[in-house]
Amino acid sequence: MTQTTYIVGNWKMHGDSTSTVELLTGITSAFPATSAAVMVCPPNVFLQTALTQLNDHAVSVGAQNVCAQEQNQGAYTGEVSASMLKGLGCSAVIVGHSERRQYYGETNELVAQKTMQVLQTNMLPIVCIGESLEQREANKTFEVLEQQLRCVLDSVLEQTQSAEIIIAYEPVWAIGTGLSASPEQAQEVHAFLRSILQEYSAELAAKTSILYGGSVKPDNAKALLAQQDINGALIGGASLKSEQFIQIVEAV
Ligand code: PGA
């Protein structure tokens, strides 16, 4: 069993209706033949635009966040449920991005709940984990990552053994800073994460794609993606420029 290679663009809170159409057009007009599964995650208000424009293309669409509550509908002002995203046509949702943990107080437990919501609606959760600079300097990287990963895996595997999830390792100090982890640094962490998956089951370790994120650019993508345990990339800044995003797809 081999892992699928995913190239995922996380557009964060960027764009307007004009630039969104332009970015999508840039991607579809130059899209190369690739073995990778390619996805973009626009802001919620542009999901429909992306789904419509990518309808006949090999690029799928995911959301950046989801409501943690069990209900498909309910009195949760401002929230969007997993079933709403699924109904729209989304195939995946990013959960637990460090910006949500940092600015919106998302805990490991909440991230686990959101992951379950995504799985229950048959979408693919892209579960983000990562250590801060402070934690890395205090030699807590592996401890922090293990807690973040186990919290999600424990609750997922309690409910279903066949779940498919994507893990994205994104060191917080590398996000949006231009300071990517080196391929060796990233590989060391990815191998560690794979070893935790292996403790749960050999099948889980073999099928789970572990993406790297944090200042992935066309010039470092190839070396990162060449690492044995790096099965793709989650891309912020460089996914907002279609040429750069395409170049990263080509690096696979
Ligand atoms: P970046 O963001 O590529 O701009 O560093 C990555 C992310 O936050 O997913």
# chains A, B, ... in the order shown; residues from 1 in each chain; ligands from 1
call {"tool": "residues_near_ligand", "arguments": {"ligand": "ligand 1", "cutoff": "10 Å", "atoms": "only C-alpha atoms and all ligand atoms", "output": "number ranges by chain"}}
result
A: 8-12, 64, 94, 97-99, 128, 168-180, 212-217, 233-240
call {"tool": "select_by_dssp", "arguments": {"residues": "segment 7-175 of chain A", "states": "strand (DSSP E or B)", "output": "PyMOL selection string"}}
result
chain A and resi 7-10+37-41+59-63+92-95+124-129+166-169
call {"tool": "atom_distance", "arguments": {"atom1": "atom CA of Met116 of chain A", "atom2": "atom CA of Ala36 of chain A"}}
result
25.3 Å
call {"tool": "select_by_dssp", "arguments": {"residues": "segment 66-212 of chain A", "states": "helix (DSSP H, G or I)", "output": "VMD selection string"}}
result
chain A and resid 82 to 88 98 to 103 108 to 120 133 to 137 141 to 159 172 to 174 183 to 200 202 to 207
call {"tool": "residues_around", "arguments": {"residues": "segment 163-167 of chain A", "least_positions_apart": "4", "cutoff": "9 Å", "atoms": "only C-alpha atoms", "output": "list of chain:residue names"}}
result
A:Tyr6, A:Thr115, A:Leu119, A:Leu124, A:Pro125, A:Ile126, A:Val127, A:Cys128, A:Ile129, A:Leu149, A:Val156, A:Leu157, A:Gln159, A:Leu204, A:Lys207, A:Thr208, A:Ser209, A:Ile210, A:Leu211, A:Tyr212
call {"tool": "residues_around", "arguments": {"residues": "Ser35 of chain A", "least_positions_apart": "3", "cutoff": "9 Å", "atoms": "only C-alpha atoms", "output": "PDB file with all heavy atoms, in the first residue's frame"}}
result
ATOM      1  N   THR A   4      -1.161   8.228  -1.095  1.00  0.00           N
ATOM      2  CA  THR A   4      -1.428   9.204  -2.148  1.00  0.00           C
ATOM      3  C   THR A   4      -0.617  10.464  -1.847  1.00  0.00           C
ATOM      4  O   THR A   4      -0.483  10.847  -0.697  1.00  0.00           O
ATOM      5  CB  THR A   4      -2.928   9.574  -2.144  1.00  0.00           C
ATOM      6  OG1 THR A   4      -3.677   8.371  -2.266  1.00  0.00           O
ATOM      7  CG2 THR A   4      -3.283  10.526  -3.272  1.00  0.00           C
ATOM      8  N   THR A   5      -0.084  11.088  -2.889  1.00  0.00           N
ATOM      9  CA  THR A   5       0.588  12.377  -2.699  1.00  0.00           C
ATOM     10  C   THR A   5      -0.428  13.493  -2.904  1.00  0.00           C
ATOM     11  O   THR A   5      -1.088  13.549  -3.951  1.00  0.00           O
ATOM     12  CB  THR A   5       1.732  12.540  -3.714  1.00  0.00           C
ATOM     13  OG1 THR A   5       2.644  11.461  -3.526  1.00  0.00           O
ATOM     14  CG2 THR A   5       2.458  13.864  -3.522  1.00  0.00           C
ATOM     15  N   VAL A 252       6.186  17.209  -7.960  1.00  0.00           N
ATOM     16  CA  VAL A 252       5.854  15.902  -7.363  1.00  0.00           C
ATOM     17  C   VAL A 252       6.585  14.782  -8.099  1.00  0.00           C
ATOM     18  O   VAL A 252       6.485  14.532  -9.200  1.00  0.00           O
ATOM     19  CB  VAL A 252       4.334  15.655  -7.392  1.00  0.00           C
ATOM     20  CG1 VAL A 252       3.998  14.226  -7.005  1.00  0.00           C
ATOM     21  CG2 VAL A 252       3.635  16.631  -6.449  1.00  0.00           C
TER      22      VAL A 252
END
call {"tool": "residues_around", "arguments": {"residues": "Glu70 of chain A", "least_positions_apart": "2", "cutoff": "7 Å", "atoms": "only C-alpha atoms", "output": "PyMOL selection string"}}
result
chain A and resi 68+72+117
call {"tool": "closest_residue", "arguments": {"among": "A:Lys222, A:Arg101, A:Arg136, A:Lys86", "to": "Gln148 of chain A", "atoms": "only C-alpha atoms"}}
result
A:Arg101
call {"tool": "closest_residue", "arguments": {"among": "A:Cys151, A:Ala63, A:Leu197, A:Leu133", "to": "Cys90 of chain A", "atoms": "only C-alpha atoms"}}
result
A:Ala63
call {"tool": "closest_atom_pairs", "arguments": {"of": "segment 90-133 of chain A", "to": "segment 137-142 of chain A", "cutoff": "9 Å", "atoms": "only C-alpha atoms", "output": "CSV"}}
result
residue,atom,partner,partner_atom,distance
A:Gly130,CA,A:Thr141,CA,8.0
A:Glu131,CA,A:Thr141,CA,5.6
A:Ser132,CA,A:Thr141,CA,8.1
A:Leu133,CA,A:Glu137,CA,6.1
